[in-house]
file input28.cif (mmCIF, C-alpha atoms and all ligand atoms)
data_my_file
#
loop_
_atom_site.label_atom_id
_atom_site.label_comp_id
_atom_site.auth_asym_id
_atom_site.auth_seq_id
_atom_site.Cartn_x
_atom_site.Cartn_y
_atom_site.Cartn_z
CA MET A 199 18.53 -5.78 -15.67
CA ILE A 200 15.87 -3.31 -14.56
CA ASN A 201 13.22 -2.41 -17.12
CA VAL A 202 11.31 0.83 -16.57
CA ARG A 203 8.07 0.95 -18.55
CA LYS A 204 4.38 1.81 -18.52
CA ALA A 205 2.35 -0.40 -16.23
CA GLN A 206 -0.01 -3.03 -17.55
CA LEU A 207 -3.10 -4.45 -15.88
CA SER A 208 -1.30 -7.75 -15.29
CA ASP A 209 1.27 -5.88 -13.16
CA VAL A 210 -1.25 -4.80 -10.53
CA PRO A 211 -1.14 -7.90 -8.29
CA ARG A 212 2.66 -7.60 -8.27
CA MET A 213 2.49 -3.85 -7.52
CA MET A 214 0.31 -4.19 -4.46
CA PRO A 215 2.81 -5.72 -1.99
CA LEU A 216 5.25 -2.82 -2.36
CA LEU A 217 2.47 -0.22 -2.24
CA ASN A 218 1.01 -1.87 0.87
CA GLU A 219 4.42 -2.11 2.54
CA TYR A 220 5.14 1.61 2.16
CA ALA A 221 1.58 2.57 3.05
CA LYS A 222 1.99 0.61 6.28
CA GLN A 223 5.14 2.62 6.98
CA ALA A 224 3.12 5.78 6.23
CA GLU A 225 5.55 6.75 3.46
CA ILE A 226 2.67 6.91 0.98
CA LEU A 227 -1.09 6.97 1.21
CA PRO A 228 -2.81 3.61 1.02
CA ARG A 229 -3.77 2.62 -2.52
CA MET A 230 -6.61 0.20 -3.05
CA GLU A 231 -6.19 -2.45 -5.71
CA ALA A 232 -9.34 -1.20 -7.48
CA ASP A 233 -7.88 2.32 -7.53
CA VAL A 234 -4.66 1.05 -9.12
CA TYR A 235 -6.57 -0.83 -11.81
CA GLN A 236 -8.69 2.24 -12.53
CA SER A 237 -5.67 4.52 -12.77
CA ILE A 238 -3.38 2.01 -14.51
CA ARG A 239 -2.63 4.43 -17.37
CA ASP A 240 -1.07 6.80 -14.82
CA TRP A 241 1.58 4.34 -13.67
CA VAL A 242 5.19 3.59 -14.55
CA VAL A 243 6.81 0.46 -13.11
CA ALA A 244 10.32 -0.91 -12.81
CA GLU A 245 10.65 -4.67 -13.31
CA ALA A 246 13.61 -6.89 -12.51
CA ASP A 247 13.74 -10.68 -12.63
CA GLY A 248 9.97 -10.86 -13.02
CA LYS A 249 9.40 -8.73 -9.93
CA ILE A 250 8.01 -5.20 -9.73
CA VAL A 251 10.73 -3.35 -7.83
CA GLY A 252 9.50 0.21 -8.13
CA MET A 253 6.64 2.35 -9.34
CA GLY A 254 5.16 5.81 -9.42
CA SER A 255 2.13 7.53 -10.90
CA LEU A 256 1.35 10.85 -12.55
CA LEU A 257 -2.06 12.23 -11.64
CA ILE A 258 -3.27 15.02 -13.86
CA MET A 259 -5.03 17.63 -11.72
CA TRP A 260 -5.77 20.32 -14.27
CA GLY A 261 -4.63 21.55 -17.67
CA ASP A 262 -1.53 23.07 -16.13
CA LEU A 263 -0.76 20.78 -13.23
CA ALA A 264 -0.01 17.15 -12.41
CA GLU A 265 1.19 15.37 -9.29
CA ILE A 266 3.71 12.56 -8.89
CA ARG A 267 2.22 10.09 -6.42
CA SER A 268 3.02 6.78 -4.81
CA LEU A 269 6.68 6.72 -5.80
CA VAL A 270 8.19 3.67 -4.12
CA ILE A 271 11.29 1.62 -4.74
CA ASP A 272 11.99 -1.79 -3.22
CA SER A 273 14.48 -1.24 -0.39
CA ALA A 274 16.84 -3.79 -1.99
CA ARG A 275 16.90 -1.70 -5.18
CA GLN A 276 17.22 1.77 -3.73
CA GLY A 277 20.22 3.88 -4.64
CA GLN A 278 20.50 2.28 -8.09
CA GLY A 279 18.84 5.00 -10.14
CA VAL A 280 15.41 3.34 -10.28
CA GLY A 281 13.60 6.30 -8.69
CA ARG A 282 15.36 8.65 -11.09
CA ALA A 283 14.36 6.52 -14.10
CA ILE A 284 10.70 6.38 -13.02
CA VAL A 285 10.48 10.12 -12.34
CA SER A 286 12.20 10.86 -15.67
CA GLN A 287 9.64 8.77 -17.52
CA LEU A 288 6.74 10.43 -15.69
CA LEU A 289 8.16 13.87 -16.50
CA ALA A 290 8.62 12.89 -20.15
CA GLU A 291 4.94 11.92 -20.26
CA ALA A 292 3.99 15.22 -18.66
CA ARG A 293 6.02 17.11 -21.26
CA ALA A 294 4.45 15.12 -24.09
CA LEU A 295 1.01 16.08 -22.78
CA GLY A 296 1.98 19.76 -22.69
CA LEU A 297 1.86 20.07 -18.92
CA PRO A 298 3.86 23.09 -17.73
CA ARG A 299 4.27 21.97 -14.11
CA VAL A 300 4.54 18.80 -12.10
CA PHE A 301 4.62 18.76 -8.31
CA ALA A 302 5.04 16.28 -5.49
CA LEU A 303 4.38 16.36 -1.77
CA THR A 304 7.09 14.48 -0.04
CA ARG A 305 9.05 13.70 3.08
CA LYS A 306 12.07 13.08 0.84
CA PRO A 307 12.62 16.52 -0.68
CA GLY A 308 16.33 15.76 -1.10
CA PHE A 309 15.57 13.13 -3.72
CA PHE A 310 13.32 15.46 -5.70
CA LEU A 311 15.83 18.31 -5.50
CA LYS A 312 18.37 15.93 -7.03
CA MET A 313 15.88 15.35 -9.85
CA GLY A 314 15.78 19.09 -10.56
CA PHE A 315 12.60 19.93 -8.67
CA GLN A 316 12.57 23.09 -6.60
CA LEU A 317 10.99 23.84 -3.29
CA THR A 318 7.69 25.62 -3.50
CA ARG A 319 4.80 26.44 -1.23
CA ILE A 320 1.55 24.57 -1.25
CA GLU A 321 -0.36 27.85 -1.55
CA HIS A 322 1.14 28.10 -5.02
CA LEU A 323 -0.87 24.98 -5.85
CA PRO A 324 -4.40 26.07 -4.89
CA ARG A 325 -6.08 23.34 -6.91
CA LYS A 326 -4.32 20.75 -4.78
CA VAL A 327 -5.37 22.50 -1.57
CA GLN A 328 -8.98 22.78 -2.72
CA LYS A 329 -9.23 19.25 -4.06
CA ASP A 330 -7.43 17.26 -1.36
CA CYS A 331 -5.81 19.17 1.47
CA VAL A 332 -8.89 20.76 2.93
CA PHE A 333 -10.34 17.28 3.49
CA CYS A 334 -7.20 15.95 5.11
CA PRO A 335 -7.34 15.06 8.81
CA LYS A 336 -3.71 16.19 9.11
CA PHE A 337 -4.40 19.50 7.47
CA HIS A 338 -2.93 21.27 10.51
CA ALA A 339 -0.12 18.83 11.25
CA CYS A 340 1.47 18.11 7.91
CA ASP A 341 5.09 17.06 7.55
CA GLU A 342 5.25 17.01 3.76
CA VAL A 343 7.21 19.41 1.62
CA ALA A 344 5.96 20.68 -1.75
CA VAL A 345 8.38 20.44 -4.67
CA LEU A 346 7.75 21.62 -8.19
CA MET A 347 9.29 20.96 -11.60
CA PRO A 348 8.60 23.67 -14.17
CA LEU A 349 8.51 22.05 -17.60
CA ASP A 350 8.26 25.10 -19.79
CA ALA A 351 10.07 28.39 -19.93
CA ALA A 352 6.87 30.31 -19.26
CA THR A 353 6.41 28.85 -15.81
CA THR A 354 7.68 31.66 -13.71
CA SER A 355 9.93 31.63 -10.72
CA LYS A 356 7.08 32.87 -8.53
CA HIS A 357 6.45 29.26 -7.57
CA MET A 358 9.93 28.74 -6.30
CA LEU A 359 11.41 29.48 -2.93
CA ASP A 360 14.68 31.23 -2.65
CA LEU A 361 17.06 28.27 -2.42
CA SER A 362 18.81 29.97 0.45
CA GLY A 363 15.70 28.93 2.38
CA LEU A 364 16.09 25.32 1.30
CA LYS A 365 17.26 23.91 4.58
CA SER A 366 14.69 25.57 6.76
CA ALA A 367 11.88 24.97 4.28
CA ALA A 368 12.72 21.29 4.00
CA GLN A 369 12.84 20.93 7.74
CA SER A 370 9.85 22.99 8.71
CA GLN A 371 6.22 22.37 8.02
CA PRO A 372 4.58 23.90 4.96
CA ILE A 373 2.72 27.11 5.63
CA ILE A 374 -0.57 25.48 4.69
CA PRO A 375 -0.10 22.04 6.12
CA LEU A 376 -1.32 18.98 4.40
CA ASN A 377 -0.57 15.37 4.38
CA SER A 378 -3.04 12.65 3.62
CA ARG A 379 -4.26 13.27 0.16
CA GLN A 380 -7.59 11.73 -0.66
CA GLN A 381 -7.53 8.75 -2.88
CA ARG A 382 -9.34 9.01 -6.13
C1 LIG B 1 12.95 8.16 -2.27
C2 LIG B 1 13.10 7.03 -3.28
C3 LIG B 1 11.90 7.05 -4.24
C4 LIG B 1 14.40 7.27 -4.09
O1 LIG B 1 14.53 6.26 -5.09
P1 LIG B 1 15.96 5.60 -5.43
O2 LIG B 1 15.77 4.66 -6.57
O3 LIG B 1 16.53 5.05 -4.19
O4 LIG B 1 16.78 6.87 -5.88
P2 LIG B 1 17.90 6.95 -7.04
O5 LIG B 1 18.86 5.83 -6.87
O6 LIG B 1 17.22 7.06 -8.36
O7 LIG B 1 18.59 8.31 -6.64
C5 LIG B 1 18.77 9.38 -7.53
C6 LIG B 1 19.56 10.46 -6.81
O8 LIG B 1 18.81 10.92 -5.67
C7 LIG B 1 19.59 10.76 -4.49
N1 LIG B 1 18.67 10.36 -3.42
C8 LIG B 1 17.94 9.23 -3.32
N2 LIG B 1 17.20 9.25 -2.19
C9 LIG B 1 17.48 10.41 -1.57
C10 LIG B 1 17.03 11.01 -0.36
N3 LIG B 1 16.12 10.41 0.43
N4 LIG B 1 17.53 12.23 -0.04
C11 LIG B 1 18.43 12.85 -0.83
N5 LIG B 1 18.89 12.33 -2.01
C12 LIG B 1 18.42 11.13 -2.36
C13 LIG B 1 20.59 9.66 -4.82
O9 LIG B 1 21.73 9.74 -4.01
C14 LIG B 1 20.87 9.94 -6.27
O10 LIG B 1 21.78 11.00 -6.36
P3 LIG B 1 23.00 10.97 -7.44
O11 LIG B 1 22.32 10.95 -8.80
O12 LIG B 1 23.76 12.21 -7.16
O13 LIG B 1 23.72 9.71 -7.18
C15 LIG B 1 13.24 5.65 -2.59
O14 LIG B 1 14.30 5.71 -1.66
C16 LIG B 1 11.99 5.16 -1.88
O15 LIG B 1 11.17 4.47 -2.47
N6 LIG B 1 11.88 5.47 -0.57
C17 LIG B 1 10.77 4.95 0.26
C18 LIG B 1 9.42 5.46 -0.18
C19 LIG B 1 9.37 6.97 -0.27
O16 LIG B 1 9.75 7.65 0.66
N7 LIG B 1 8.89 7.48 -1.42
C20 LIG B 1 8.79 8.90 -1.66
C21 LIG B 1 7.38 9.25 -1.62
S1 LIG B 1 7.18 10.92 -2.21
#

call {"tool": "encode", "arguments": {"input": "input28.cif", "output": "structure tokens", "more": "lines below"}}
Ligand SMILES: CC(C)(COP(=O)(O)OP(=O)(O)OC[C@H]1O[C@@H](n2cnc3c(N)ncnc32)[C@H](O)[C@@H]1OP(=O)(O)O)[C@@H](O)C(=O)NCCC(=O)NCCS
result
Amino acid sequence: MINVRKAQLSDVPRMMPLLNEYAKQAEILPRMEADVYQSIRDWVVAEADGKIVGMGSLLIMWGDLAEIRSLVIDSARQGQGVGRAIVSQLLAEARALGLPRVFALTRKPGFFLKMGFQLTRIEHLPRKVQKDCVFCPKFHACDEVAVLMPLDAATTSKHMLDLSGLKSAAQSQPIIPLNSRQQR
């Protein structure tokens, strides 16, 4: 059975191998163990048979914006709904905090679209650009796609792309490119 729950400090040593594996594959940014301890309240993990088989974090950026980061599922457990369960829990936390929007930057937009996110443009997330992207060495060669989940009715459709542009937007580079977000 897979148990999806908030992370605890004692999980961190068991989280690191999966985080390091996907960082090595450049699927996520490297996360230092100290950074994971410091941000432990941001994390949701999936545990099975005493092993951490998936995780993701919700980084609050401002009063109206948070980012899903470092979402990784053990390759042996992919396609079993673990990613969905982790994202659902992170979104539930965001709702409980009163956040109107949650975004992710991803090379797997198809997964996030399945979760109900919509394609957006990074310029609709200026706080992200100002905080991280402008410092990124890949600022001009980014292959990530911005996806956004509006959590309240007031969040307008101005953030969303026309879904008829889905294919080309998912395949092309964002207008303001970004990739390597700075670690906290
Ligand atoms: C992307 C990832 C998080 C998905 O997690 P997962 O547990 O395998 O996904 P789930 O089983 O919860 O899938 C939920 C739905 O999304 C779909 N889906 C999963 N990965 C997908 C992808 N890459 N593209 C399109 N759809 C995808 C599934 O088919 C499923 O659809 P369904 O509900 O219609 O059956 C996982 O494959 C992963 O860790 N990949 C490597 C690391 C990575 O790229 N992380 C993303 C960083 S932003």

call {"tool": "closest_atom_pairs", "arguments": {"input": "input28.cif", "of": "chain A", "to": "ligand LIG 1 (chain B)", "cutoff": "8 Å", "atoms": "only C-alpha atoms and all ligand atoms", "output": "CSV"}}
result
residue,atom,partner,partner_atom,distance
A:Tyr220,CA,B:LIG1,C18,6.2
A:Glu225,CA,B:LIG1,O16,5.1
A:Ile226,CA,B:LIG1,C21,5.9
A:Gly252,CA,B:LIG1,O15,7.3
A:Ile266,CA,B:LIG1,S1,7.7
A:Arg267,CA,B:LIG1,S1,6.6
A:Ser268,CA,B:LIG1,C21,5.9
A:Leu269,CA,B:LIG1,C21,4.9
A:Val270,CA,B:LIG1,O15,3.5
A:Ile271,CA,B:LIG1,O15,3.6
A:Asp272,CA,B:LIG1,O15,6.4
A:Ser273,CA,B:LIG1,O15,6.9
A:Arg275,CA,B:LIG1,O2,6.6
A:Gln276,CA,B:LIG1,O3,3.4
A:Gly277,CA,B:LIG1,O5,3.3
A:Gln278,CA,B:LIG1,O5,4.1
A:Gly279,CA,B:LIG1,O6,3.2
A:Val280,CA,B:LIG1,O2,4.0
A:Gly281,CA,B:LIG1,O2,3.4
A:Arg282,CA,B:LIG1,O6,3.7
A:Ala283,CA,B:LIG1,O6,6.4
A:Ala302,CA,B:LIG1,S1,6.6
A:Leu303,CA,B:LIG1,S1,6.1
A:Thr304,CA,B:LIG1,S1,4.2
A:Arg305,CA,B:LIG1,S1,6.3
A:Lys306,CA,B:LIG1,N3,4.9
A:Pro307,CA,B:LIG1,N4,6.6
A:Gly308,CA,B:LIG1,C11,3.6
A:Phe309,CA,B:LIG1,C12,3.7
A:Phe310,CA,B:LIG1,O8,7.1
A:Leu311,CA,B:LIG1,N5,7.6
A:Lys312,CA,B:LIG1,O8,5.2
A:Met313,CA,B:LIG1,O8,6.8

call {"tool": "residues_around", "arguments": {"input": "input28.cif", "residues": "Trp241 of chain A", "least_positions_apart": "2", "cutoff": "8 Å", "atoms": "all atoms listed in the file", "output": "list in words"}}
result
Lys204, Ala205, Ser237, Ile238, Arg239, Val243, Met253, Gly254, Ser255 and Leu256 of chain A

call {"tool": "atom_distance", "arguments": {"input": "input28.cif", "atom1": "atom CA of Asp247 of chain A", "atom2": "atom CA of Val202 of chain A"}}
result
12.4 Å

call {"tool": "atom_distance", "arguments": {"input": "input28.cif", "atom1": "atom CA of Leu346 of chain A", "atom2": "atom CA of Ala232 of chain A"}}
result
28.5 Å

call {"tool": "residues_around", "arguments": {"input": "input28.cif", "residues": "segment 343-345 of chain A", "least_positions_apart": "5", "cutoff": "6 Å", "atoms": "all atoms listed in the file", "output": "list of chain:residue names"}}
result
A:Phe301, A:Ala302, A:Leu303, A:Thr304, A:Phe315, A:Gln316, A:Leu317, A:Thr318, A:Arg319, A:Ile320

call {"tool": "closest_residue", "arguments": {"input": "input28.cif", "among": "A:Asn218, A:Asn201, A:Ser208, A:Gln223", "to": "Ala246 of chain A", "atoms": "all atoms listed in the file"}}
result
A:Asn201

call {"tool": "atom_distance", "arguments": {"input": "input28.cif", "atom1": "atom CA of Ala294 of chain A", "atom2": "atom CA of Gln206 of chain A"}}
result
19.8 Å

call {"tool": "residues_near_point", "arguments": {"input": "input28.cif", "point": "(-6.3, 23.5, -11.9)", "cutoff": "8 Å", "atoms": "all atoms listed in the file", "output": "NGL selection string"}}
result
:A and (259-263 or 324-326)

call {"tool": "closest_residue", "arguments": {"input": "input28.cif", "among": "A:Gly314, A:Met230, A:Ile200, A:Ala224", "to": "Asp341 of chain A", "atoms": "all atoms listed in the file"}}
result
A:Ala224

call {"tool": "axis_aligned_box", "arguments": {"input": "input28.cif", "around": "segment 306-309 of chain A", "padding_each_side": "5 Å", "output": "AutoDock Vina command-line options"}}
result
--center_x 14.2 --center_y 14.8 --center_z -1.4 --size_x 14.3 --size_y 13.4 --size_z 14.6

call {"tool": "build_atoms", "arguments": {"input": "input28.cif", "residues": "segment 200-218 of chain A", "atoms": "N, CA and C atoms", "output": "PDB file, keeping the file's coordinate frame"}}
result
ATOM      1  N   ILE A 200      17.121  -3.938 -15.012  1.00  0.00           N
ATOM      2  CA  ILE A 200      15.870  -3.310 -14.560  1.00  0.00           C
ATOM      3  C   ILE A 200      15.209  -2.608 -15.750  1.00  0.00           C
ATOM      4  N   ASN A 201      13.969  -2.962 -15.992  1.00  0.00           N
ATOM      5  CA  ASN A 201      13.220  -2.410 -17.120  1.00  0.00           C
ATOM      6  C   ASN A 201      12.172  -1.433 -16.594  1.00  0.00           C
ATOM      7  N   VAL A 202      12.286  -0.184 -16.996  1.00  0.00           N
ATOM      8  CA  VAL A 202      11.310   0.830 -16.570  1.00  0.00           C
ATOM      9  C   VAL A 202      10.348   1.074 -17.733  1.00  0.00           C
ATOM     10  N   ARG A 203       9.069   0.903 -17.476  1.00  0.00           N
ATOM     11  CA  ARG A 203       8.070   0.950 -18.550  1.00  0.00           C
ATOM     12  C   ARG A 203       6.697   1.310 -17.995  1.00  0.00           C
ATOM     13  N   LYS A 204       5.772   1.577 -18.922  1.00  0.00           N
ATOM     14  CA  LYS A 204       4.380   1.810 -18.520  1.00  0.00           C
ATOM     15  C   LYS A 204       3.818   0.541 -17.882  1.00  0.00           C
ATOM     16  N   ALA A 205       2.967   0.754 -16.893  1.00  0.00           N
ATOM     17  CA  ALA A 205       2.350  -0.400 -16.230  1.00  0.00           C
ATOM     18  C   ALA A 205       1.283  -1.022 -17.116  1.00  0.00           C
ATOM     19  N   GLN A 206       1.074  -2.301 -16.880  1.00  0.00           N
ATOM     20  CA  GLN A 206      -0.010  -3.030 -17.550  1.00  0.00           C
ATOM     21  C   GLN A 206      -0.938  -3.592 -16.461  1.00  0.00           C
ATOM     22  N   LEU A 207      -2.136  -3.922 -16.861  1.00  0.00           N
ATOM     23  CA  LEU A 207      -3.100  -4.450 -15.880  1.00  0.00           C
ATOM     24  C   LEU A 207      -2.552  -5.686 -15.161  1.00  0.00           C
ATOM     25  N   SER A 208      -1.818  -6.511 -15.896  1.00  0.00           N
ATOM     26  CA  SER A 208      -1.300  -7.750 -15.290  1.00  0.00           C
ATOM     27  C   SER A 208      -0.229  -7.469 -14.230  1.00  0.00           C
ATOM     28  N   ASP A 209       0.265  -6.235 -14.176  1.00  0.00           N
ATOM     29  CA  ASP A 209       1.270  -5.880 -13.160  1.00  0.00           C
ATOM     30  C   ASP A 209       0.633  -5.661 -11.784  1.00  0.00           C
ATOM     31  N   VAL A 210      -0.647  -5.314 -11.776  1.00  0.00           N
ATOM     32  CA  VAL A 210      -1.250  -4.800 -10.530  1.00  0.00           C
ATOM     33  C   VAL A 210      -1.070  -5.741  -9.336  1.00  0.00           C
ATOM     34  N   PRO A 211      -1.341  -7.040  -9.473  1.00  0.00           N
ATOM     35  CA  PRO A 211      -1.140  -7.900  -8.290  1.00  0.00           C
ATOM     36  C   PRO A 211       0.299  -7.881  -7.782  1.00  0.00           C
ATOM     37  N   ARG A 212       1.249  -7.646  -8.693  1.00  0.00           N
ATOM     38  CA  ARG A 212       2.660  -7.600  -8.270  1.00  0.00           C
ATOM     39  C   ARG A 212       3.060  -6.201  -7.781  1.00  0.00           C
ATOM     40  N   MET A 213       2.222  -5.207  -8.026  1.00  0.00           N
ATOM     41  CA  MET A 213       2.490  -3.850  -7.520  1.00  0.00           C
ATOM     42  C   MET A 213       2.019  -3.708  -6.075  1.00  0.00           C
ATOM     43  N   MET A 214       0.966  -4.419  -5.749  1.00  0.00           N
ATOM     44  CA  MET A 214       0.310  -4.190  -4.460  1.00  0.00           C
ATOM     45  C   MET A 214       1.193  -4.444  -3.234  1.00  0.00           C
ATOM     46  N   PRO A 215       2.024  -5.494  -3.207  1.00  0.00           N
ATOM     47  CA  PRO A 215       2.810  -5.720  -1.990  1.00  0.00           C
ATOM     48  C   PRO A 215       3.711  -4.534  -1.620  1.00  0.00           C
ATOM     49  N   LEU A 216       4.367  -3.953  -2.627  1.00  0.00           N
ATOM     50  CA  LEU A 216       5.250  -2.820  -2.360  1.00  0.00           C
ATOM     51  C   LEU A 216       4.439  -1.578  -1.935  1.00  0.00           C
ATOM     52  N   LEU A 217       3.324  -1.356  -2.614  1.00  0.00           N
ATOM     53  CA  LEU A 217       2.470  -0.220  -2.240  1.00  0.00           C
ATOM     54  C   LEU A 217       1.955  -0.397  -0.810  1.00  0.00           C
ATOM     55  N   ASN A 218       1.534  -1.619  -0.485  1.00  0.00           N
ATOM     56  CA  ASN A 218       1.010  -1.870   0.870  1.00  0.00           C
ATOM     57  C   ASN A 218       2.102  -1.726   1.925  1.00  0.00           C
TER      58      ASN A 218
END
